[in-house]
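Participant: Enclosed is the structure file input.txt (compact mmCIF, C-alpha atoms).
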```
# COMPACT_ATOMS: atom_id res chain seq x y z
CA MET A 1 -60.68 -12.95 -76.97
CA SER A 2 -57.57 -11.45 -78.56
CA ARG A 3 -56.33 -10.51 -75.08
CA LEU A 4 -56.52 -14.14 -73.98
CA PHE A 5 -55.08 -15.47 -77.23
CA PRO A 6 -52.87 -12.84 -78.93
CA ASP A 7 -52.75 -12.87 -82.71
CA VAL A 8 -49.02 -13.67 -82.67
CA PHE A 9 -49.86 -17.22 -81.55
CA ARG A 10 -51.96 -17.77 -84.68
CA ASN A 11 -48.80 -17.90 -86.78
CA PRO A 12 -48.54 -21.57 -87.94
CA ALA A 13 -44.77 -21.82 -87.36
CA ILE A 14 -45.01 -20.31 -83.87
CA ARG A 15 -48.02 -22.46 -82.99
CA ALA A 16 -46.34 -25.70 -84.17
CA SER A 17 -43.14 -24.74 -82.30
CA MET A 18 -45.20 -24.23 -79.14
CA ILE A 19 -46.80 -27.67 -79.44
CA ALA A 20 -43.44 -29.32 -80.17
CA ILE A 21 -41.72 -27.59 -77.25
CA PHE A 22 -44.53 -28.78 -75.00
CA THR A 23 -43.62 -32.40 -75.79
CA PHE A 24 -39.92 -31.51 -75.47
CA GLY A 25 -40.70 -30.23 -72.00
CA MET A 26 -42.58 -33.42 -71.17
CA ALA A 27 -39.40 -35.49 -71.52
CA GLY A 28 -37.58 -33.23 -69.08
CA ALA A 29 -40.56 -33.08 -66.73
CA MET A 30 -40.66 -36.87 -66.55
CA THR A 31 -36.98 -37.30 -65.71
CA ALA A 32 -35.34 -34.13 -64.35
CA PRO A 33 -37.01 -34.21 -60.91
CA TYR A 34 -35.75 -37.78 -60.43
CA ARG A 35 -32.43 -37.64 -62.32
CA SER A 36 -30.29 -37.15 -59.23
CA ILE A 37 -32.19 -39.91 -57.43
CA VAL A 38 -31.71 -42.36 -60.33
CA GLY A 39 -28.07 -41.44 -60.87
CA ILE A 40 -26.92 -41.13 -57.26
CA ARG A 41 -29.19 -43.39 -55.23
CA GLU A 42 -30.24 -46.10 -57.71
CA LEU A 43 -27.20 -46.44 -59.96
CA GLY A 44 -24.52 -45.52 -57.41
CA LEU A 45 -22.91 -42.37 -58.80
CA SER A 46 -21.16 -40.21 -56.22
CA ASP A 47 -22.15 -36.57 -55.71
CA SER A 48 -18.92 -35.41 -57.35
CA LEU A 49 -19.26 -37.76 -60.34
CA TYR A 50 -22.87 -36.65 -60.84
CA SER A 51 -21.68 -33.02 -60.84
CA ILE A 52 -18.94 -33.79 -63.40
CA LEU A 53 -21.48 -35.57 -65.62
CA THR A 54 -23.83 -32.59 -65.42
CA PHE A 55 -21.04 -30.25 -66.48
CA ALA A 56 -19.78 -32.49 -69.30
CA SER A 57 -23.30 -33.03 -70.62
CA ALA A 58 -23.86 -29.29 -70.83
CA ALA A 59 -20.49 -28.84 -72.60
CA VAL A 60 -21.50 -31.26 -75.36
CA ASN A 61 -24.91 -29.62 -75.60
CA VAL A 62 -23.51 -26.12 -76.09
CA VAL A 63 -21.10 -27.15 -78.85
CA VAL A 64 -23.80 -29.06 -80.71
CA SER A 65 -26.31 -26.22 -80.27
CA VAL A 66 -23.92 -23.61 -81.69
CA LEU A 67 -22.96 -25.82 -84.63
CA LEU A 68 -26.54 -26.80 -85.45
CA GLY A 69 -27.77 -23.24 -84.95
CA ASN A 70 -25.11 -21.86 -87.30
CA LEU A 71 -25.82 -24.61 -89.84
CA ALA A 72 -29.55 -23.87 -89.72
CA ASP A 73 -28.88 -20.15 -90.25
CA ARG A 74 -26.82 -21.01 -93.34
CA LEU A 75 -29.49 -23.34 -94.71
CA GLY A 76 -32.33 -21.03 -93.73
CA GLU A 77 -34.43 -23.86 -92.23
CA TYR A 78 -34.47 -25.61 -88.85
CA ARG A 79 -36.65 -28.65 -89.51
CA SER A 80 -33.91 -31.07 -90.62
CA ALA A 81 -31.73 -30.35 -87.58
CA MET A 82 -34.72 -30.77 -85.26
CA ILE A 83 -35.59 -34.17 -86.74
CA GLY A 84 -32.04 -35.40 -86.14
CA ALA A 85 -31.91 -34.06 -82.59
CA CYS A 86 -35.19 -35.75 -81.74
CA LEU A 87 -33.87 -39.15 -82.79
CA PHE A 88 -31.09 -38.85 -80.23
CA GLY A 89 -33.67 -38.18 -77.51
CA ILE A 90 -35.60 -41.34 -78.36
CA VAL A 91 -32.40 -43.38 -78.16
CA GLY A 92 -30.87 -41.57 -75.17
CA TYR A 93 -33.79 -41.96 -72.80
CA GLY A 94 -34.60 -45.44 -74.08
CA MET A 95 -31.13 -46.84 -73.43
CA VAL A 96 -31.14 -45.73 -69.77
CA TYR A 97 -34.41 -47.58 -69.21
CA ALA A 98 -33.41 -50.68 -71.21
CA PHE A 99 -29.90 -50.96 -69.73
CA PRO A 100 -30.00 -49.52 -66.17
CA ARG A 101 -26.31 -49.36 -65.37
CA ALA A 102 -24.11 -46.51 -64.21
CA ALA A 103 -21.99 -46.73 -67.38
CA ILE A 104 -25.05 -46.48 -69.64
CA PHE A 105 -26.39 -43.56 -67.59
CA ILE A 106 -23.07 -41.77 -68.11
CA ILE A 107 -22.88 -42.57 -71.86
CA SER A 108 -26.46 -41.38 -72.37
CA GLY A 109 -25.71 -38.18 -70.47
CA LEU A 110 -22.55 -37.51 -72.48
CA LEU A 111 -23.81 -38.00 -76.05
CA PRO A 112 -27.43 -38.65 -77.10
CA LEU A 113 -29.22 -36.57 -74.45
CA PRO A 114 -27.02 -33.45 -74.84
CA ILE A 115 -27.58 -33.62 -78.62
CA TYR A 116 -31.32 -33.95 -78.03
CA GLY A 117 -31.09 -30.93 -75.74
CA ALA A 118 -30.10 -28.80 -78.76
CA LEU A 119 -33.71 -29.19 -79.89
CA ASN A 120 -34.63 -26.57 -77.29
CA SER A 121 -32.67 -23.75 -78.94
CA LEU A 122 -33.65 -24.95 -82.43
CA LEU A 123 -37.34 -24.68 -81.57
CA PHE A 124 -36.81 -21.18 -80.19
CA ALA A 125 -34.80 -20.29 -83.30
CA ASN A 126 -37.60 -21.55 -85.53
CA ALA A 127 -40.11 -19.43 -83.61
CA ARG A 128 -37.77 -16.40 -83.61
CA ALA A 129 -37.35 -16.64 -87.39
CA ALA A 130 -41.13 -16.60 -87.73
CA MET A 131 -41.19 -13.39 -85.65
CA GLN A 132 -39.17 -11.38 -88.20
CA GLY A 133 -40.90 -8.09 -88.87
CA MET A 134 -42.98 -8.24 -85.69
CA SER A 135 -43.04 -5.44 -83.12
CA ARG A 136 -40.88 -5.66 -80.02
CA SER A 137 -43.98 -6.21 -77.89
CA ASP A 138 -45.11 -9.15 -80.06
CA VAL A 139 -41.64 -10.72 -79.93
CA VAL A 140 -41.61 -10.58 -76.12
CA THR A 141 -45.15 -11.98 -75.99
CA ALA A 142 -44.36 -14.79 -78.42
CA ASN A 143 -41.14 -15.80 -76.61
CA SER A 144 -42.99 -15.80 -73.29
CA GLY A 145 -45.73 -17.94 -74.78
CA VAL A 146 -43.30 -20.46 -76.28
CA ARG A 147 -41.38 -20.70 -73.00
CA ALA A 148 -44.64 -21.03 -71.06
CA MET A 149 -45.36 -24.25 -72.97
CA ILE A 150 -42.37 -25.91 -71.30
CA SER A 151 -43.67 -24.89 -67.90
CA LEU A 152 -47.15 -26.05 -68.87
CA SER A 153 -45.73 -29.51 -69.53
CA TRP A 154 -44.34 -29.45 -65.99
CA VAL A 155 -47.72 -28.64 -64.41
CA LEU A 156 -49.09 -32.19 -64.35
CA ILE A 157 -46.36 -34.47 -65.75
CA PRO A 158 -43.97 -34.57 -62.74
CA GLY A 159 -46.83 -35.13 -60.31
CA VAL A 160 -48.42 -37.81 -62.47
CA THR A 161 -45.04 -39.50 -62.96
CA GLY A 162 -44.39 -39.39 -59.23
CA LEU A 163 -47.81 -40.81 -58.40
CA VAL A 164 -47.58 -43.56 -61.05
CA LEU A 165 -44.17 -44.63 -59.77
CA SER A 166 -44.73 -43.92 -56.06
CA GLY A 167 -45.21 -47.61 -55.30
CA ALA A 168 -42.40 -48.75 -57.59
CA SER A 169 -38.97 -49.75 -56.38
CA SER A 170 -37.30 -47.68 -59.13
CA MET A 171 -37.84 -44.38 -60.95
CA LEU A 172 -36.29 -45.78 -64.16
CA PRO A 173 -39.64 -46.17 -66.00
CA ALA A 174 -39.68 -42.35 -66.16
CA TYR A 175 -36.99 -42.68 -68.84
CA LEU A 176 -39.26 -44.96 -70.90
CA PHE A 177 -42.04 -42.37 -70.71
CA ALA A 178 -39.56 -39.68 -71.79
CA SER A 179 -38.49 -41.73 -74.82
CA ILE A 180 -42.13 -42.02 -75.88
CA SER A 181 -42.62 -38.26 -75.52
CA CYS A 182 -39.60 -37.72 -77.80
CA LEU A 183 -41.29 -39.97 -80.37
CA ILE A 184 -44.43 -37.82 -80.17
CA CYS A 185 -42.34 -34.68 -80.58
CA GLN A 186 -40.76 -36.20 -83.67
CA GLY A 187 -44.20 -36.75 -85.17
CA ILE A 188 -45.17 -33.12 -84.56
CA ILE A 189 -42.00 -31.86 -86.24
CA LEU A 190 -42.52 -34.15 -89.22
CA PHE A 191 -46.22 -33.59 -89.78
CA ALA A 192 -47.25 -30.30 -88.12
CA LEU A 193 -44.28 -27.94 -88.53
CA PRO A 194 -44.65 -25.90 -91.75
CA LYS A 195 -41.96 -26.57 -94.33
CA ARG A 196 -39.99 -23.50 -95.32
CA ALA A 197 -37.69 -23.00 -98.29
CA GLY A 198 -34.11 -22.46 -97.24
CA THR A 199 -33.72 -19.33 -99.36
CA GLU A 200 -36.41 -17.55 -97.30
CA MET A 201 -34.33 -17.22 -94.16
CA ALA A 202 -30.73 -18.12 -95.03
CA ALA A 203 -28.19 -15.78 -93.46
CA ALA A 204 -26.72 -13.35 -95.98
CA HIS A 205 -23.20 -13.64 -94.57
CA HIS A 206 -22.14 -17.17 -93.65
CA LEU A 207 -19.98 -17.87 -90.63
CA SER A 208 -17.65 -20.84 -90.41
CA TYR A 209 -18.21 -23.14 -87.44
CA LEU A 210 -15.11 -21.73 -85.75
CA GLY A 211 -16.27 -18.22 -86.61
CA ALA A 212 -19.61 -18.91 -84.96
CA LEU A 213 -17.88 -20.20 -81.84
CA ARG A 214 -15.59 -17.15 -81.77
CA GLN A 215 -18.56 -14.81 -81.95
CA VAL A 216 -20.25 -16.63 -79.09
CA VAL A 217 -17.18 -16.37 -76.82
CA SER A 218 -16.35 -12.76 -77.73
CA PRO A 219 -15.95 -10.47 -74.70
CA ARG A 220 -19.12 -8.49 -75.42
CA ILE A 221 -21.30 -11.61 -75.55
CA SER A 222 -19.54 -13.68 -72.88
CA ALA A 223 -19.77 -10.92 -70.26
CA HIS A 224 -23.55 -10.84 -70.55
CA ILE A 225 -23.75 -14.65 -70.61
CA CYS A 226 -21.69 -14.82 -67.42
CA GLY A 227 -24.19 -12.64 -65.57
CA VAL A 228 -27.21 -14.52 -66.89
CA ALA A 229 -25.56 -17.88 -66.15
CA LEU A 230 -25.00 -17.02 -62.50
CA ILE A 231 -28.70 -16.27 -62.21
CA THR A 232 -29.96 -19.32 -64.10
CA SER A 233 -27.54 -21.65 -62.29
CA THR A 234 -29.95 -21.37 -59.36
CA LEU A 235 -32.50 -23.34 -61.41
CA HIS A 236 -30.01 -26.17 -62.00
CA LEU A 237 -29.09 -26.20 -58.33
CA ASN A 238 -32.72 -26.36 -57.28
CA ASP A 239 -33.34 -29.26 -59.72
CA ALA A 240 -30.65 -31.27 -57.91
CA LEU A 241 -31.29 -30.03 -54.37
CA LEU A 242 -35.08 -30.10 -54.10
CA PRO A 243 -35.48 -33.91 -54.48
CA LEU A 244 -32.62 -34.54 -52.05
CA ILE A 245 -33.84 -32.05 -49.45
CA ALA A 246 -37.47 -33.12 -49.86
CA THR A 247 -36.70 -36.80 -49.27
CA GLY A 248 -33.98 -36.04 -46.72
CA ALA A 249 -34.04 -33.09 -44.32
CA ALA A 250 -37.73 -32.34 -45.01
CA HIS A 251 -38.78 -35.99 -44.47
CA GLY A 252 -40.98 -36.07 -47.59
CA ARG A 253 -41.74 -38.77 -50.15
CA LEU A 254 -40.91 -39.17 -53.83
CA SER A 255 -44.51 -38.33 -54.70
CA ASP A 256 -44.05 -35.00 -52.90
CA VAL A 257 -41.22 -34.12 -55.27
CA GLY A 258 -43.40 -34.53 -58.35
CA ILE A 259 -46.34 -32.67 -56.80
CA LEU A 260 -44.11 -29.77 -55.69
CA VAL A 261 -42.57 -29.44 -59.15
CA GLY A 262 -46.03 -29.53 -60.71
CA ILE A 263 -47.35 -26.79 -58.42
CA VAL A 264 -44.37 -24.56 -59.17
CA ALA A 265 -44.76 -25.17 -62.91
CA LEU A 266 -48.43 -24.17 -62.75
CA LEU A 267 -47.46 -20.94 -61.02
CA GLU A 268 -44.75 -20.39 -63.64
CA VAL A 269 -47.29 -20.55 -66.46
CA VAL A 270 -49.31 -17.79 -64.82
CA PHE A 271 -46.39 -15.59 -63.80
CA ILE A 272 -44.50 -15.90 -67.10
CA ILE A 273 -47.30 -13.86 -68.66
CA VAL A 274 -47.26 -11.45 -65.71
CA TRP A 275 -43.50 -10.96 -65.99
CA SER A 276 -43.74 -10.35 -69.76
CA ARG A 277 -46.12 -7.45 -69.05
CA ILE A 278 -43.91 -6.14 -66.26
CA ALA A 279 -40.84 -6.36 -68.53
CA ARG A 280 -42.60 -4.32 -71.24
CA LYS A 281 -43.37 -1.56 -68.72
CA THR A 282 -40.25 -1.50 -66.53
CA GLY A 283 -37.63 -3.03 -68.84
CA GLN A 284 -36.01 -6.46 -68.89
CA MET A 285 -33.33 -5.64 -66.33
CA SER A 286 -35.70 -4.38 -63.64
CA ALA A 287 -38.02 -7.35 -64.08
CA LEU A 288 -35.17 -9.88 -64.02
CA ALA A 289 -33.66 -8.26 -60.91
CA ALA A 290 -36.98 -8.45 -59.06
CA GLY A 291 -37.49 -12.09 -60.05
CA THR A 292 -33.95 -13.04 -59.03
CA ILE A 293 -34.39 -11.51 -55.58
CA VAL A 294 -37.63 -13.43 -55.06
CA TYR A 295 -35.98 -16.71 -56.10
CA ALA A 296 -32.98 -16.03 -53.85
CA VAL A 297 -35.35 -15.66 -50.90
CA PHE A 298 -36.96 -18.99 -51.84
CA LEU A 299 -33.61 -20.80 -52.01
CA SER A 300 -32.48 -19.35 -48.68
CA LEU A 301 -35.65 -20.58 -46.98
CA LEU A 302 -35.36 -23.96 -48.76
CA GLY A 303 -32.13 -24.48 -46.85
CA PHE A 304 -34.08 -24.35 -43.58
CA ALA A 305 -36.93 -26.69 -44.63
CA SER A 306 -37.43 -29.53 -42.13
CA GLN A 307 -41.02 -30.60 -42.82
CA PRO A 308 -42.94 -31.31 -46.06
CA TRP A 309 -45.33 -28.40 -45.42
CA HIS A 310 -42.37 -26.02 -45.44
CA LEU A 311 -41.73 -26.99 -49.07
CA TYR A 312 -45.37 -26.55 -50.05
CA ALA A 313 -45.43 -23.13 -48.38
CA LEU A 314 -42.45 -22.06 -50.48
CA THR A 315 -43.99 -22.97 -53.85
CA LEU A 316 -45.48 -19.48 -54.38
CA LEU A 317 -42.08 -17.80 -54.03
CA ALA A 318 -40.50 -20.49 -56.20
CA GLY A 319 -43.08 -20.06 -58.97
CA ILE A 320 -42.89 -16.27 -59.03
CA GLY A 321 -39.09 -16.16 -59.07
CA ALA A 322 -38.56 -19.05 -61.48
CA ALA A 323 -41.05 -17.59 -63.99
CA ALA A 324 -38.85 -14.50 -64.38
CA ILE A 325 -35.59 -16.44 -64.54
CA ILE A 326 -36.74 -18.93 -67.17
CA SER A 327 -38.51 -16.47 -69.49
CA ILE A 328 -36.87 -13.03 -69.47
CA PRO A 329 -33.30 -14.19 -70.36
CA ILE A 330 -34.55 -15.82 -73.61
CA THR A 331 -35.21 -12.54 -75.42
CA TYR A 332 -32.24 -10.94 -73.64
CA LEU A 333 -29.86 -13.59 -75.05
CA GLN A 334 -31.40 -13.69 -78.54
CA ASP A 335 -31.00 -9.92 -78.82
CA LEU A 336 -27.23 -10.26 -78.37
CA ILE A 337 -27.04 -11.73 -81.92
CA ALA A 338 -30.37 -10.50 -83.25
CA ASP A 339 -29.56 -10.89 -86.96
CA ARG A 340 -28.98 -14.68 -86.71
CA PRO A 341 -31.96 -16.50 -85.12
CA GLY A 342 -30.16 -19.87 -84.99
CA LEU A 343 -26.93 -18.60 -83.47
CA GLY A 344 -28.73 -16.11 -81.23
CA SER A 345 -31.00 -18.84 -79.91
CA ALA A 346 -27.98 -21.12 -79.46
CA LEU A 347 -26.94 -18.70 -76.72
CA ILE A 348 -29.77 -20.25 -74.72
CA SER A 349 -27.78 -23.50 -74.74
CA VAL A 350 -24.52 -21.62 -74.12
CA ASN A 351 -26.18 -20.17 -71.05
CA ILE A 352 -27.38 -23.63 -69.99
CA PHE A 353 -23.78 -24.86 -70.31
CA ALA A 354 -22.33 -22.00 -68.31
CA SER A 355 -25.06 -22.15 -65.66
CA ALA A 356 -24.79 -25.94 -65.40
CA GLY A 357 -21.03 -25.61 -64.95
CA ILE A 358 -21.47 -23.01 -62.24
CA GLY A 359 -24.21 -25.09 -60.66
CA ALA A 360 -22.04 -28.21 -60.71
CA LEU A 361 -19.17 -26.40 -59.01
CA ILE A 362 -21.45 -24.88 -56.37
CA PHE A 363 -23.13 -28.26 -55.80
CA ALA A 364 -19.82 -30.10 -55.43
CA ALA A 365 -18.23 -27.46 -53.20
CA GLY A 366 -21.34 -26.75 -51.17
CA THR A 367 -22.31 -30.36 -50.46
CA SER A 368 -18.78 -31.22 -49.37
CA VAL A 369 -18.71 -28.38 -46.83
CA ALA A 370 -22.26 -27.39 -45.88
CA GLY A 371 -24.50 -30.24 -47.03
CA TYR A 372 -27.61 -29.90 -49.18
CA SER A 373 -29.26 -27.23 -47.02
CA GLY A 374 -26.16 -25.03 -46.91
CA THR A 375 -25.76 -25.37 -50.68
CA ALA A 376 -29.28 -24.00 -51.17
CA ILE A 377 -28.31 -20.84 -49.30
CA LEU A 378 -25.06 -20.59 -51.27
CA SER A 379 -26.99 -20.83 -54.54
CA ALA A 380 -29.10 -17.82 -53.49
CA VAL A 381 -25.93 -15.76 -53.14
CA THR A 382 -24.80 -16.96 -56.58
CA GLY A 383 -28.01 -15.73 -58.22
CA LEU A 384 -27.79 -12.31 -56.58
CA SER A 385 -24.20 -11.89 -57.77
CA GLY A 386 -25.39 -12.48 -61.35
CA ILE A 387 -27.91 -9.64 -61.28
CA VAL A 388 -25.21 -7.33 -59.89
CA ILE A 389 -23.00 -8.12 -62.93
CA LEU A 390 -25.84 -7.54 -65.40
CA GLY A 391 -26.72 -4.29 -63.66
CA PHE A 392 -23.14 -3.08 -64.04
CA LEU A 393 -23.08 -4.01 -67.75
CA HIS A 394 -26.44 -2.32 -68.29
CA ARG A 395 -25.31 0.92 -66.65
CA ARG A 396 -22.06 0.88 -68.65
CA ASN A 397 -23.97 0.47 -71.93
CA VAL A 398 -26.36 3.27 -71.02
CA HIS A 399 -23.52 5.67 -70.25
```
Please re-express this file's structure in structure tokens.
Facilitator:
Amino acid sequence: MSRLFPDVFRNPAIRASMIAIFTFGMAGAMTAPYRSIVGIRELGLSDSLYSILTFASAAVNVVVSVLLGNLADRLGEYRSAMIGACLFGIVGYGMVYAFPRAAIFIISGLLPLPIYGALNSLLFANARAAMQGMSRSDVVTANSGVRAMISLSWVLIPGVTGLVLSGASSMLPAYLFASISCLICQGIILFALPKRAGTEMAAAHHLSYLGALRQVVSPRISAHICGVALITSTLHLNDALLPLIATGAAHGRLSDVGILVGIVALLEVVFIIVWSRIARKTGQMSALAAGTIVYAVFLSLLGFASQPWHLYALTLLAGIGAAAIISIPITYLQDLIADRPGLGSALISVNIFASAGIGALIFAAGTSVAGYSGTAILSAVTGLSGIVILGFLHRRNVH
């Protein structure tokens, strides 16, 4: 039984973080597959404006994540910051549903939702702090398990959302469902997450907010983030491209989008565990390189999809590759600032910012020249360039 349910998951803080991050993932699973459709097709944003909004949203998220992560390290507890972030999610998703206008969509994407997004790194920081003193193997297992909960939330939620709204004239109710999931997440944080005295985990040496930002953008850290961001930008590009290709060149339906995302998420749950075992045996770099290559093949073939069955046939490659890209970089990034769980975990959001920025630029440039299908192929090249950079940094550190 211990093989199926490792002892590390019996830790109350890790277990509560896993449950909370499941509900956090639900909000994204309800809206992300349809965000580009709502923003571009329903509310009238242009492709370029949607790309700018994506970049700006990630910029706000990274600043808030670093500041909240540093503050939490100084206080030695993450619960208060998580409660505040969750409130912004309830408001951010709710206002898009209640006031479906382009301006409200932009405001929500620029302030409340990016702040809510900081909850992701705070939950990982809370779990990482609970891992202090654990073996390297247990840390990798725990991080993989926590990240798998996000994918687990994507197994059924996108498909169910797509089916529920398949006969509707708008996908906006998905934002109402997301607001409700944020409310549930808030309840878990308030009533299930163990309270911890600040003195138990407070960082011994405090950093100012500017000092924290300087450490994050230092050459040593930023070089590694650049490589990881090029790889993870492929996930952002796929989030935007898959719905548009599925309902365009592939002649699919909105319900297909949700089902496809659900299938891939189910495969991710399985292969996240597989990749964690591979990473322990071969090393993080080898595992991440293999996963990136698989995902690059998927994206290249996505560019040639012209029928719905083509997309369904590609789900296995998508699940295998995505599982590596979404799980392995978490521990990799946290290890860059291992002595500060909050700031180290904030690098997850820094990476999201950098990868979203890269993804936005590739999306804007690619769609203006080569269309959605050509952009998918271009994103594959982007991911492969990232693993080349990380490989160079790895070899330099070894020698």
Participant: Which residues are near Asn126 (chain A)? Cut-off 8 Å, all atoms listed in the file, ignore same chain within fewer than 2 positions. Put them as a PDB file with C-alpha atoms, keeping the file's coordinate frame.
Facilitator:
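Dumped everything to selection.pdb:
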```pdb
ATOM      1  CA  ALA A  13     -44.770 -21.820 -87.360  1.00  0.00           C
ATOM      2  CA  ILE A  14     -45.010 -20.310 -83.870  1.00  0.00           C
ATOM      3  CA  SER A  17     -43.140 -24.740 -82.300  1.00  0.00           C
ATOM      4  CA  GLU A  77     -34.430 -23.860 -92.230  1.00  0.00           C
ATOM      5  CA  TYR A  78     -34.470 -25.610 -88.850  1.00  0.00           C
ATOM      6  CA  LEU A 122     -33.650 -24.950 -82.430  1.00  0.00           C
ATOM      7  CA  LEU A 123     -37.340 -24.680 -81.570  1.00  0.00           C
ATOM      8  CA  PHE A 124     -36.810 -21.180 -80.190  1.00  0.00           C
ATOM      9  CA  ARG A 128     -37.770 -16.400 -83.610  1.00  0.00           C
ATOM     10  CA  ALA A 129     -37.350 -16.640 -87.390  1.00  0.00           C
ATOM     11  CA  ALA A 130     -41.130 -16.600 -87.730  1.00  0.00           C
ATOM     12  CA  PRO A 341     -31.960 -16.500 -85.120  1.00  0.00           C
ATOM     13  CA  GLY A 342     -30.160 -19.870 -84.990  1.00  0.00           C
TER      14      GLY A 342
END
```
Participant: Find the residue from A:Ala290, A:Ala16, A:Met26, A:Ala364 that sits nearest to Val146 (chain A); use only C-alpha atoms when measuring.
Facilitator: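 Checking each candidate against Val146 (chain A), we get A:Ala16 as the closest.
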Participant: For the point (-28.9, -17.0, -70.1) in the file's frame, write as a list in words all residues with an atom no more than 7 Å away, counting all atoms listed in the file.
Facilitator: Ile225, Val228, Ala229, Thr232, Pro329, Ile330, Leu333, Ile348, Asn351 and Ile352 of chain A
Participant: What is the distance between CA of Ser151 (chain A) and CA of Phe9 (chain A), in Å to one decimal?
Facilitator: 16.8 Å
Participant: Which residue is closest to Val91 (chain A)? Choose from A:Pro114, A:Gly76, A:Gly211, A:Gly187 and count only C-alpha atoms.
Facilitator: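 Counting only C-alpha atoms, the residue closest to Val91 (chain A) is A:Pro114.
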Participant: Neighbouring residues of region 375-391 of chain A were defined as those with any atom within 7 Å, considering all atoms listed in the file; residues of the same chain fewer than 5 positions away were excluded. Please report them as a list of chain:residue names.
Facilitator: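 Skipping anything fewer than 5 positions along the chain leaves A:His224, A:Gly227, A:Val228, A:Leu230, A:Ile231, A:Thr234, A:Leu237, A:Ala289, A:Thr292, A:Ile293, A:Ala296, A:Leu299, A:Ser300, A:Leu302, A:Gly303, A:Phe363, A:Gly366, A:Thr367, A:Ala370.
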Participant: Identify which of the residues A:Ile263, A:Leu190, A:Leu113, A:Val216 lies closest to Ile337 (chain A), counting only C-alpha atoms when measuring atom-to-atom distances.
Facilitator: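 Of the candidates, the smallest distance to Ile337 (chain A) is held by A:Val216.
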Participant: If you count all atoms listed in the file, which residues fall within 12 Å of Gly283 (chain A), apart from same-chain ones fewer than 2 positions away, as a compact mmCIF listing (two decimals) with C-alpha atoms, keeping the file's coordinate frame?
Facilitator:
```
# COMPACT_ATOMS: atom_id res chain seq x y z
CA ARG A 136 -40.88 -5.66 -80.02
CA SER A 137 -43.98 -6.21 -77.89
CA VAL A 140 -41.61 -10.58 -76.12
CA TRP A 275 -43.50 -10.96 -65.99
CA SER A 276 -43.74 -10.35 -69.76
CA ARG A 277 -46.12 -7.45 -69.05
CA ILE A 278 -43.91 -6.14 -66.26
CA ALA A 279 -40.84 -6.36 -68.53
CA ARG A 280 -42.60 -4.32 -71.24
CA LYS A 281 -43.37 -1.56 -68.72
CA MET A 285 -33.33 -5.64 -66.33
CA SER A 286 -35.70 -4.38 -63.64
CA ALA A 287 -38.02 -7.35 -64.08
CA LEU A 288 -35.17 -9.88 -64.02
CA ALA A 289 -33.66 -8.26 -60.91
CA ALA A 290 -36.98 -8.45 -59.06
CA ILE A 328 -36.87 -13.03 -69.47
CA THR A 331 -35.21 -12.54 -75.42
CA TYR A 332 -32.24 -10.94 -73.64
CA HIS A 394 -26.44 -2.32 -68.29
```
Participant: Do you have the CA of Gly258 (chain A)-CA of Gly162 (chain A) distance handy?
Facilitator: 5.0 Å
